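Chemist: Here you go, final18.csv (CSV, C-alpha atoms):
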```
chain,number,residue,atom,x,y,z
A,179,MET,CA,26.1,1.0,-1.0
A,180,ASN,CA,25.8,0.1,2.7
A,181,ASN,CA,25.4,-3.8,2.7
A,182,ASN,CA,24.3,-4.0,6.3
A,183,SER,CA,21.5,-1.5,5.7
A,184,PHE,CA,20.5,-3.4,2.6
A,185,VAL,CA,20.1,-6.6,4.6
A,186,LEU,CA,18.1,-4.8,7.2
A,187,GLY,CA,15.8,-3.6,4.4
A,188,LEU,CA,15.4,-7.1,3.2
A,189,LYS,CA,14.4,-8.2,6.7
A,190,ALA,CA,11.9,-5.3,7.0
A,191,GLY,CA,10.5,-6.2,3.6
A,192,LEU,CA,10.1,-9.9,4.3
A,193,SER,CA,6.6,-9.4,5.7
A,194,ILE,CA,5.6,-7.7,2.4
A,195,ALA,CA,7.1,-10.6,0.5
A,196,ILE,CA,5.0,-13.0,2.5
A,197,GLY,CA,1.9,-10.9,2.1
A,198,TYR,CA,2.4,-10.7,-1.7
A,199,PHE,CA,2.8,-14.5,-2.0
A,200,PRO,CA,-0.9,-15.4,-2.0
A,201,VAL,CA,-1.9,-12.2,-3.9
A,202,ALA,CA,0.6,-12.7,-6.7
A,203,LEU,CA,-0.2,-16.4,-6.8
A,204,THR,CA,-3.9,-15.6,-7.3
A,205,PHE,CA,-3.1,-12.9,-9.9
A,206,GLY,CA,-1.1,-15.5,-11.9
A,207,LEU,CA,-4.0,-17.9,-11.6
A,208,LEU,CA,-6.6,-15.3,-12.7
A,209,ALA,CA,-4.4,-14.2,-15.5
A,210,LYS,CA,-4.4,-17.7,-16.8
A,211,THR,CA,-8.2,-18.0,-16.7
A,212,SER,CA,-8.4,-14.6,-18.4
A,213,GLY,CA,-6.4,-16.0,-21.3
A,214,LEU,CA,-3.0,-14.4,-20.7
A,215,SER,CA,0.1,-16.5,-21.4
A,216,ILE,CA,2.6,-17.0,-18.7
A,217,TRP,CA,4.8,-14.3,-20.4
A,218,GLU,CA,2.1,-11.8,-20.7
A,219,ALA,CA,1.1,-12.3,-17.1
A,220,THR,CA,4.6,-12.2,-15.7
A,221,ALA,CA,5.5,-9.2,-17.9
A,222,MET,CA,2.7,-7.2,-16.3
A,223,SER,CA,4.0,-8.0,-12.9
A,224,ILE,CA,7.6,-7.0,-14.0
A,225,PHE,CA,6.7,-3.7,-15.7
A,226,VAL,CA,3.6,-2.5,-14.0
A,227,TYR,CA,4.0,-3.9,-10.4
A,228,ALA,CA,0.8,-2.6,-8.9
A,229,GLY,CA,-1.6,-5.2,-7.4
A,230,ALA,CA,-4.9,-3.4,-7.5
A,231,SER,CA,-4.3,-2.1,-11.1
A,232,GLN,CA,-3.3,-5.5,-12.3
A,233,TYR,CA,-6.4,-7.2,-10.9
A,234,MET,CA,-8.6,-4.4,-12.3
A,235,SER,CA,-7.0,-4.7,-15.8
A,236,LEU,CA,-7.8,-8.5,-15.9
A,237,THR,CA,-11.4,-7.7,-15.3
A,238,LEU,CA,-11.4,-5.0,-18.0
A,239,ILE,CA,-9.5,-7.1,-20.5
A,240,SER,CA,-11.9,-10.1,-20.1
A,241,LYS,CA,-14.8,-7.6,-20.7
A,242,GLY,CA,-13.1,-6.3,-23.8
A,243,VAL,CA,-12.8,-2.7,-22.5
A,244,ASP,CA,-11.0,-0.1,-24.7
A,245,PRO,CA,-7.2,-0.2,-23.8
A,246,ILE,CA,-7.2,3.6,-23.4
A,247,LEU,CA,-9.8,3.2,-20.7
A,248,ILE,CA,-7.7,0.5,-19.0
A,249,VAL,CA,-4.7,2.8,-18.9
A,250,LEU,CA,-6.9,5.7,-17.6
A,251,ASN,CA,-8.3,3.6,-14.8
A,252,THR,CA,-4.9,2.5,-13.9
A,253,PHE,CA,-3.8,6.1,-13.6
A,254,VAL,CA,-6.7,7.0,-11.4
A,255,LEU,CA,-6.0,4.0,-9.1
A,256,ASN,CA,-2.4,5.1,-8.8
A,257,ILE,CA,-2.8,8.8,-8.2
A,258,ARG,CA,-2.5,8.1,-4.5
A,259,HIS,CA,1.1,7.2,-5.1
A,260,PHE,CA,1.7,10.9,-5.8
A,261,LEU,CA,0.8,11.6,-2.2
A,262,MET,CA,2.8,8.7,-0.8
A,263,THR,CA,6.0,9.4,-2.6
A,264,ALA,CA,5.7,13.1,-1.8
A,265,ALA,CA,5.3,12.2,1.9
A,266,LEU,CA,8.1,9.7,1.7
A,267,ASN,CA,10.5,12.2,0.1
A,268,GLU,CA,10.4,14.2,3.4
A,269,LYS,CA,11.8,11.1,5.1
A,270,MET,CA,14.3,9.8,2.6
A,271,GLN,CA,18.1,10.4,2.7
A,272,SER,CA,19.2,12.9,0.1
A,273,GLU,CA,20.4,11.1,-3.0
A,274,LYS,CA,21.1,11.5,-6.7
A,275,ARG,CA,17.9,11.8,-8.8
A,276,TRP,CA,18.4,8.8,-11.0
A,277,ILE,CA,19.0,6.5,-8.0
A,278,LYS,CA,15.8,7.7,-6.3
A,279,GLY,CA,14.2,7.2,-9.7
A,280,ILE,CA,15.1,3.5,-9.5
A,281,TYR,CA,13.7,2.7,-6.0
A,282,ALA,CA,10.7,4.9,-6.8
A,283,PHE,CA,9.6,2.0,-9.0
A,284,GLY,CA,9.4,-0.2,-5.9
A,285,ILE,CA,7.0,2.1,-4.0
A,286,THR,CA,3.7,0.3,-3.4
A,287,ASP,CA,1.1,0.8,-0.7
A,288,GLU,CA,2.9,-1.9,1.3
A,289,SER,CA,6.6,-0.8,0.8
A,290,PHE,CA,5.5,2.8,1.5
A,291,SER,CA,3.8,1.8,4.7
A,292,VAL,CA,6.9,-0.1,5.9
A,293,LEU,CA,9.2,2.8,5.0
A,294,ALA,CA,7.0,5.6,6.3
A,295,THR,CA,6.3,4.1,9.7
A,296,ARG,CA,10.1,3.6,10.5
A,297,LYS,CA,11.1,5.2,13.8
A,298,GLU,CA,14.4,6.8,12.5
A,299,ALA,CA,14.3,10.4,11.3
A,300,LYS,CA,15.9,9.6,7.9
A,301,ILE,CA,15.8,6.4,5.9
A,302,GLY,CA,18.9,5.3,3.9
A,303,THR,CA,18.9,4.5,0.2
A,304,ALA,CA,20.3,1.0,0.7
A,305,PHE,CA,17.5,0.2,3.2
A,306,ALA,CA,14.9,1.3,0.7
A,307,PHE,CA,16.5,-0.8,-2.0
A,308,GLY,CA,16.4,-3.8,0.4
A,309,VAL,CA,12.7,-3.4,1.1
A,310,ALA,CA,11.8,-2.8,-2.5
A,311,PHE,CA,13.9,-5.7,-3.8
A,312,ILE,CA,12.5,-8.5,-1.7
A,313,ALA,CA,8.9,-7.3,-2.2
A,314,TYR,CA,9.3,-7.0,-6.0
A,315,SER,CA,11.0,-10.4,-6.3
A,316,SER,CA,8.2,-12.1,-4.4
A,317,TRP,CA,5.6,-10.3,-6.6
A,318,VAL,CA,7.2,-11.3,-9.9
A,319,VAL,CA,8.2,-14.9,-9.0
A,320,PHE,CA,4.9,-15.8,-7.5
A,321,THR,CA,2.9,-14.4,-10.4
A,322,ALA,CA,4.7,-16.9,-12.7
A,323,VAL,CA,4.4,-19.7,-10.1
A,324,GLY,CA,0.7,-18.9,-9.8
A,325,HIS,CA,0.2,-19.2,-13.5
A,326,VAL,CA,1.8,-22.6,-13.4
A,327,ILE,CA,0.4,-24.3,-10.3
A,328,GLY,CA,-2.8,-22.3,-10.1
A,329,ALA,CA,-5.3,-23.6,-7.6
A,330,ASN,CA,-3.2,-26.5,-6.3
A,331,LEU,CA,-2.9,-24.8,-2.9
A,332,PRO,CA,-5.5,-26.2,-0.6
A,333,GLN,CA,-8.7,-24.1,-0.5
A,334,PHE,CA,-8.6,-23.4,3.3
A,335,LEU,CA,-5.1,-22.0,3.0
A,336,GLN,CA,-5.9,-19.8,0.0
A,337,ALA,CA,-8.9,-18.4,1.9
A,338,ALA,CA,-6.8,-17.7,5.1
A,339,MET,CA,-4.1,-16.0,3.1
A,340,SER,CA,-6.5,-13.4,1.6
A,341,ILE,CA,-6.1,-11.6,4.9
A,342,ALA,CA,-2.3,-11.3,4.8
A,343,LEU,CA,-1.9,-7.8,3.4
A,344,TYR,CA,-4.5,-6.3,5.7
A,345,ALA,CA,-3.0,-8.0,8.7
A,346,MET,CA,0.3,-6.4,7.7
A,347,PHE,CA,-1.3,-3.0,7.5
A,348,VAL,CA,-2.8,-3.5,11.0
A,349,GLY,CA,0.6,-4.7,12.3
A,350,LEU,CA,2.2,-1.5,11.0
A,351,LEU,CA,-0.5,0.9,12.2
A,352,VAL,CA,-1.4,-0.2,15.7
A,353,PRO,CA,2.1,0.2,17.3
A,354,SER,CA,2.2,3.8,16.0
A,355,MET,CA,-1.2,4.4,17.5
A,356,ARG,CA,0.0,3.6,21.0
A,357,GLY,CA,0.1,6.8,23.1
A,358,ASN,CA,-0.3,9.0,20.0
A,359,ARG,CA,-3.8,10.6,19.7
A,360,LYS,CA,-3.0,12.3,16.4
A,361,VAL,CA,-2.2,9.0,14.7
A,362,VAL,CA,-5.4,7.4,16.1
A,363,MET,CA,-7.4,10.4,14.8
A,364,LEU,CA,-5.8,10.3,11.4
A,365,ALA,CA,-6.5,6.6,10.9
A,366,LEU,CA,-10.0,6.6,12.3
A,367,ILE,CA,-11.2,9.7,10.3
A,368,ALA,CA,-9.7,8.3,7.0
A,369,ALA,CA,-11.3,4.9,7.6
A,370,ALA,CA,-14.7,6.6,8.4
A,371,ILE,CA,-14.6,8.7,5.2
A,372,ASN,CA,-13.4,5.8,3.1
A,373,GLY,CA,-16.3,3.7,4.6
A,374,PHE,CA,-18.8,6.4,3.7
A,375,PHE,CA,-17.6,6.5,0.1
A,376,PHE,CA,-17.6,2.7,-0.1
A,377,TRP,CA,-21.1,2.1,1.2
A,378,THR,CA,-22.7,5.0,-0.6
A,379,GLY,CA,-20.8,4.1,-3.8
A,380,VAL,CA,-20.1,7.8,-4.5
A,381,LEU,CA,-16.5,7.2,-5.5
A,382,SER,CA,-14.6,4.3,-6.9
A,383,THR,CA,-11.9,2.6,-4.7
A,384,GLY,CA,-9.0,4.5,-6.2
A,385,TRP,CA,-10.5,7.9,-5.7
A,386,SER,CA,-12.1,7.0,-2.4
A,387,ILE,CA,-8.7,6.2,-0.8
A,388,LEU,CA,-7.2,9.3,-2.2
A,389,VAL,CA,-9.9,11.7,-1.0
A,390,ALA,CA,-10.2,10.0,2.4
A,391,THR,CA,-6.4,10.2,3.0
A,392,LEU,CA,-6.1,13.8,2.0
A,393,ALA,CA,-9.2,15.0,3.9
A,394,SER,CA,-8.1,13.3,7.1
A,395,SER,CA,-4.5,14.5,6.8
A,396,ILE,CA,-5.6,18.1,6.2
A,397,PHE,CA,-8.4,18.2,8.8
A,398,VAL,CA,-6.2,16.8,11.6
A,399,GLU,CA,-3.4,19.1,10.7
A,400,ILE,CA,-5.7,22.2,11.0
A,401,ILE,CA,-7.1,21.0,14.3
A,402,TYR,CA,-3.5,20.5,15.7
A,403,ALA,CA,-2.3,23.9,14.3
A,404,LYS,CA,-5.2,25.6,16.2
A,405,HIS,CA,-4.4,23.6,19.3
A,406,GLU,CA,-0.7,24.6,19.2
A,407,LYS,CA,-1.6,28.2,18.6
A,408,ARG,CA,-3.9,28.2,21.7
A,409,LYS,CA,-1.2,26.6,23.7
A,410,ARG,CA,1.3,29.2,22.6
A,411,ILE,CA,-1.0,32.1,23.4
A,412,ALA,CA,-1.8,30.6,26.8
A,413,GLY,CA,2.0,30.3,27.4
A,414,GLN,CA,2.6,33.9,26.5
A,415,LEU,CA,-0.2,35.1,28.8
A,416,LYS,CA,1.3,33.1,31.7
A,417,GLY,CA,4.7,34.6,30.9
A,418,ALA,CA,3.3,38.1,31.0
B,268,MET,CA,-3.6,-11.5,-26.9
B,269,GLY,CA,-2.4,-9.4,-29.7
B,270,ALA,CA,0.0,-6.5,-30.1
B,271,TRP,CA,-2.6,-4.2,-28.4
B,272,TYR,CA,-1.9,-6.1,-25.1
B,273,TRP,CA,1.7,-4.9,-25.1
B,274,TRP,CA,0.7,-1.3,-25.9
B,275,THR,CA,-1.8,-1.4,-23.0
B,276,LEU,CA,1.0,-2.8,-20.8
B,277,LEU,CA,3.3,0.0,-21.8
B,278,GLY,CA,0.6,2.6,-21.0
B,279,MET,CA,-0.1,1.0,-17.6
B,280,ALA,CA,3.6,0.9,-16.8
B,281,LEU,CA,4.0,4.6,-17.6
B,282,VAL,CA,0.9,5.8,-15.6
B,283,THR,CA,2.0,3.6,-12.7
B,284,TYR,CA,5.6,4.8,-12.7
B,285,ILE,CA,5.0,8.5,-13.1
B,286,PRO,CA,3.2,9.1,-9.7
B,287,ARG,CA,5.9,7.1,-8.0
B,288,ALA,CA,8.9,8.8,-9.5
B,289,ILE,CA,8.0,12.5,-9.9
B,290,PRO,CA,7.6,13.6,-6.3
B,291,LEU,CA,10.7,11.6,-5.2
B,292,THR,CA,12.9,13.0,-7.9
B,293,PHE,CA,11.6,16.6,-8.4
B,294,LEU,CA,11.0,17.5,-4.7
B,295,GLU,CA,14.6,16.5,-3.8
B,296,GLY,CA,16.3,19.4,-2.1
B,297,LYS,CA,13.2,21.6,-2.0
B,298,GLU,CA,12.0,23.0,1.3
B,299,LEU,CA,8.2,22.7,1.5
B,300,PRO,CA,6.1,25.1,3.6
B,301,PRO,CA,5.6,23.7,7.2
B,302,VAL,CA,1.8,23.2,6.7
B,303,VAL,CA,2.4,21.1,3.6
B,304,SER,CA,5.1,19.0,5.2
B,305,GLY,CA,2.9,18.6,8.3
B,306,VAL,CA,0.1,17.3,6.1
B,307,LEU,CA,2.5,15.0,4.2
B,308,ARG,CA,3.7,13.6,7.5
B,309,ASN,CA,0.1,12.7,8.4
B,310,ILE,CA,-0.5,10.8,5.2
B,311,PRO,CA,1.1,7.4,6.2
B,312,PHE,CA,-1.3,6.9,9.1
B,313,ALA,CA,-4.4,8.2,7.3
B,314,VAL,CA,-3.7,6.0,4.3
B,315,LEU,CA,-3.3,2.9,6.5
B,316,GLY,CA,-6.7,3.6,8.0
B,317,ALA,CA,-8.3,4.0,4.5
B,318,LEU,CA,-6.5,0.9,3.1
B,319,ILE,CA,-7.6,-1.3,6.0
B,320,PHE,CA,-11.2,-0.2,6.4
B,321,PRO,CA,-13.6,-1.3,5.1
B,322,ALA,CA,-11.7,-3.6,2.7
B,323,ILE,CA,-10.5,-5.9,5.5
B,324,LEU,CA,-14.1,-7.0,6.1
B,325,TYR,CA,-14.6,-8.1,2.5
B,326,VAL,CA,-11.5,-10.3,1.9
B,327,GLN,CA,-13.9,-13.3,1.4
B,328,GLU,CA,-16.7,-12.3,-0.8
B,329,GLY,CA,-20.1,-13.0,0.8
B,330,ASN,CA,-18.5,-13.9,4.2
B,331,LEU,CA,-18.4,-10.9,6.5
B,332,LEU,CA,-17.8,-13.1,9.5
B,333,PHE,CA,-14.5,-14.3,8.0
B,334,GLY,CA,-13.3,-10.7,7.6
B,335,PHE,CA,-14.6,-9.7,11.0
B,336,ILE,CA,-12.7,-12.6,12.8
B,337,GLY,CA,-9.6,-11.6,10.8
B,338,THR,CA,-9.9,-8.0,11.9
B,339,VAL,CA,-10.4,-8.9,15.6
B,340,VAL,CA,-7.4,-11.3,15.6
B,341,ALA,CA,-5.1,-8.9,13.7
B,342,PHE,CA,-5.8,-6.0,16.0
B,343,THR,CA,-5.5,-8.2,19.1
B,344,LEU,CA,-2.2,-9.6,18.0
B,345,ALA,CA,-0.9,-6.1,17.0
B,346,ILE,CA,-1.8,-4.7,20.5
B,347,LEU,CA,-0.2,-7.7,22.3
B,348,PHE,CA,3.0,-8.1,20.3
B,349,SER,CA,3.6,-5.1,18.0
B,350,ASN,CA,5.5,-7.3,15.6
B,351,VAL,CA,4.4,-7.4,12.0
B,352,MET,CA,5.4,-10.9,11.3
B,353,VAL,CA,3.6,-12.3,14.4
B,354,VAL,CA,0.4,-10.4,13.3
B,355,VAL,CA,0.5,-11.6,9.7
B,356,LEU,CA,1.3,-15.3,10.4
B,357,GLY,CA,-0.9,-15.4,13.5
B,358,THR,CA,-3.9,-14.1,11.7
B,359,ILE,CA,-3.4,-16.4,8.7
B,360,GLY,CA,-3.0,-19.3,11.2
B,361,VAL,CA,-6.3,-18.6,13.0
B,362,LEU,CA,-8.2,-18.1,9.8
B,363,ALA,CA,-6.8,-21.3,8.3
B,364,VAL,CA,-8.1,-23.2,11.3
B,365,TYR,CA,-11.4,-21.4,11.0
B,366,SER,CA,-11.7,-22.3,7.3
B,367,LEU,CA,-10.8,-25.9,8.0
B,368,ILE,CA,-13.6,-26.3,10.6
B,369,PHE,CA,-16.3,-24.3,8.7
```
Would you write out, as structure tokens, the structure that this file holds?

Modeler:
Amino acid sequence: MNNNSFVLGLKAGLSIAIGYFPVALTFGLLAKTSGLSIWEATAMSIFVYAGASQYMSLTLISKGVDPILIVLNTFVLNIRHFLMTAALNEKMQSEKRWIKGIYAFGITDESFSVLATRKEAKIGTAFAFGVAFIAYSSWVVFTAVGHVIGANLPQFLQAAMSIALYAMFVGLLVPSMRGNRKVVMLALIAAAINGFFFWTGVLSTGWSILVATLASSIFVEIIYAKHEKRKRIAGQLKGA
Amino acid sequence: MGAWYWWTLLGMALVTYIPRAIPLTFLEGKELPPVVSGVLRNIPFAVLGALIFPAILYVQEGNLLFGFIGTVVAFTLAILFSNVMVVVLGTIGVLAVYSLIF
């Protein structure tokens, strides 16, 4: 494995690790108040490793919901990862299946965003491992820490840190938007559709993000395909 | 929690891992039609839009102003610096000061 590229991955993943710190800490705290032991809470972060699903499961567990429904809801929330890893596969260096099967475990909304917005044409396996490793470590360690120290962090800091993950998404998106109308359209249309589902309450969060992402990606691709075709025809006419 | 908790955990782990692993391992070496790979290349930017909005406004329940200030600061920093760490730490810093004062 390429050491240098692994270290670069760790550096790129540091912003995720920082973003996870308050979220994992809060998860640990909530798990404690939901009646989970430190082992049960930490085991969930070790084996499931999906923020939104874990938060949701705490709510469902404390309401005494049927375990089968908890698993089903988790699946619905995670369907979007099918899209993300399929998209990411286009960008990843060719590699043995079982190795890709390992770092696939580390693909979250955040690590996907960091990897997929990289400028280079192909992303190396070692780099992906670096990003996944530092983010995962932060998630697991701070779940346990959260269970232990709970709410000892000053309130004003806890409140401010709730923005961390979103600030990271903004920091990843905006530089790609510059001078690229397609990217601007993709993000704005997906945000608008997701907002519509959110405020009308037509779809739950997991489905809403999935549908908004797909609809925007397909719609913009169709517009651009037409645009390209018109440009090609215009070019041919000029040539004739 | 009883044994059911660990069974639930196993179920959750499986349905979380499968959508992550199947496309990465089974699409390896397969050429997708250009339209499909075009749509797939669009997904990162569309998903960021959907992940950010409208959830960023609701990070503090019942305090839309908090989320709004965070949004404005994050976008301003991202336009000025295009460095993720500056955006994350800067936004946390500004909101920490805001929370201390109000």

Chemist: Residues of chain A within 6 Å of chain B, counting only C-alpha atoms, what are they? List them as a PyMOL selection string.

Modeler: chain A and resi 193+225-226+245+249+253+259-260+263-265+267+275+279+282+334-335+338-340+342+344-346+349+353+364-365+368-369+372-373+387+391+395-396

Chemist: If you count only C-alpha atoms, which residues fall within 10 Å of A:Val319, apart from same-chain ones fewer than 5 positions away, as JSON, numbers by chain?

Modeler: {"A": [199, 202, 203, 206, 220, 223, 224, 314, 324]}

Chemist: Just the residues within 9 Å of A:Ala228, please, counting only C-alpha atoms, with nothing from its chain fewer than 3 positions along; format it as a list in words.

Modeler: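 Skipping anything fewer than 3 positions along the chain leaves Met222, Ser223, Ser231, Gln232, Tyr233, Asn256, Thr286 and Asp287 of chain A; Thr283 of chain B.
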
Chemist: So the first atom is atom CA of A:Ser315 and the second is atom CA of A:Ala190; what is the distance between them in Å, to one decimal place?

Modeler: 14.3 Å

Chemist: Mind giving me the straight-line distance from atom CA of A:Ala219 to atom CA of A:Ala322 in Å, one decimal?

Modeler: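 Going from atom CA of A:Ala219 over to atom CA of A:Ala322, I get 7.3 Å.
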
Chemist: Considering only C-alpha atoms, return as a list in words whatever protein or nucleic-acid residues lie within 10 Å of A:Ala304, sequence-local ones (same chain, fewer than 5 positions apart) excluded.

Modeler: Met179, Asn180, Asn181, Asn182, Ser183, Phe184, Val185, Leu186, Gly187, Leu188, Gln271, Tyr281, Val309 and Ala310 of chain A

Chemist: Around (4.2, -4.9, 1.2) in the file's frame, which residues reach within 6 Å when counting all atoms listed in the file? Return as a CSV table (one decimal) with C-alpha atoms, in the coordinates of the input?

Modeler:
```
chain,number,residue,atom,x,y,z
A,194,ILE,CA,5.6,-7.7,2.4
A,288,GLU,CA,2.9,-1.9,1.3
A,289,SER,CA,6.6,-0.8,0.8
```

Chemist: Kindly provide, as an MDAnalysis selection string, the polymer residues lying within 9 Å of (-8.9, -13.6, -14.9), counting only C-alpha atoms and using the coordinates exactly as they appear in the file.

Modeler: chainID A and resid 205:214 233 236:237 239:240

Chemist: Record the distance separating atom CA of A:Leu366 and atom CA of A:Ile257, expressed in Å with one decimal.

Modeler: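 Separation of atom CA of A:Leu366 and atom CA of A:Ile257: 21.8 Å.
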
Chemist: Only C-alpha atoms, please: stretch 223-263 of chain A from the block, as an mmCIF file, in the first residue's frame.

Modeler:
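Final output, part-v9.cif:
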```cif
data_model
loop_
_atom_site.group_PDB
_atom_site.id
_atom_site.type_symbol
_atom_site.label_atom_id
_atom_site.label_comp_id
_atom_site.auth_asym_id
_atom_site.auth_seq_id
_atom_site.Cartn_x
_atom_site.Cartn_y
_atom_site.Cartn_z
ATOM 1 C CA SER A 223 -20.984 2.594 16.113
ATOM 2 C CA ILE A 224 -18.456 -0.173 15.371
ATOM 3 C CA PHE A 225 -20.750 -2.451 13.360
ATOM 4 C CA VAL A 226 -23.370 -0.151 11.837
ATOM 5 C CA TYR A 227 -21.416 3.114 11.406
ATOM 6 C CA ALA A 228 -24.238 5.251 10.021
ATOM 7 C CA GLY A 229 -25.116 8.420 11.926
ATOM 8 C CA ALA A 230 -28.667 9.012 10.764
ATOM 9 C CA SER A 231 -29.666 5.351 11.167
ATOM 10 C CA GLN A 232 -28.161 5.154 14.639
ATOM 11 C CA TYR A 233 -29.985 8.262 15.829
ATOM 12 C CA MET A 234 -33.215 6.959 14.356
ATOM 13 C CA SER A 235 -32.804 3.547 15.998
ATOM 14 C CA LEU A 236 -32.439 5.193 19.431
ATOM 15 C CA THR A 237 -35.796 6.912 18.959
ATOM 16 C CA LEU A 238 -37.413 3.665 17.805
ATOM 17 C CA ILE A 239 -35.810 1.565 20.562
ATOM 18 C CA SER A 240 -37.010 3.936 23.278
ATOM 19 C CA LYS A 241 -40.519 3.778 21.756
ATOM 20 C CA GLY A 242 -40.402 -0.031 21.852
ATOM 21 C CA VAL A 243 -40.792 -0.408 18.067
ATOM 22 C CA ASP A 244 -40.577 -3.927 16.542
ATOM 23 C CA PRO A 245 -36.891 -4.735 15.734
ATOM 24 C CA ILE A 246 -37.871 -5.783 12.192
ATOM 25 C CA LEU A 247 -39.252 -2.291 11.574
ATOM 26 C CA ILE A 248 -36.058 -0.761 12.949
ATOM 27 C CA VAL A 249 -34.010 -2.795 10.464
ATOM 28 C CA LEU A 250 -36.385 -1.922 7.614
ATOM 29 C CA ASN A 251 -36.187 1.791 8.389
ATOM 30 C CA THR A 252 -32.409 1.549 8.534
ATOM 31 C CA PHE A 253 -32.426 0.010 5.063
ATOM 32 C CA VAL A 254 -34.639 2.746 3.615
ATOM 33 C CA LEU A 255 -32.391 5.406 5.113
ATOM 34 C CA ASN A 256 -29.344 3.740 3.580
ATOM 35 C CA ILE A 257 -30.661 3.074 0.065
ATOM 36 C CA ARG A 258 -28.994 6.325 -1.013
ATOM 37 C CA HIS A 259 -25.630 4.624 -0.460
ATOM 38 C CA PHE A 260 -26.386 2.406 -3.480
ATOM 39 C CA LEU A 261 -26.282 5.570 -5.584
ATOM 40 C CA MET A 262 -23.203 6.949 -3.893
ATOM 41 C CA THR A 263 -21.066 3.825 -4.138
#
```
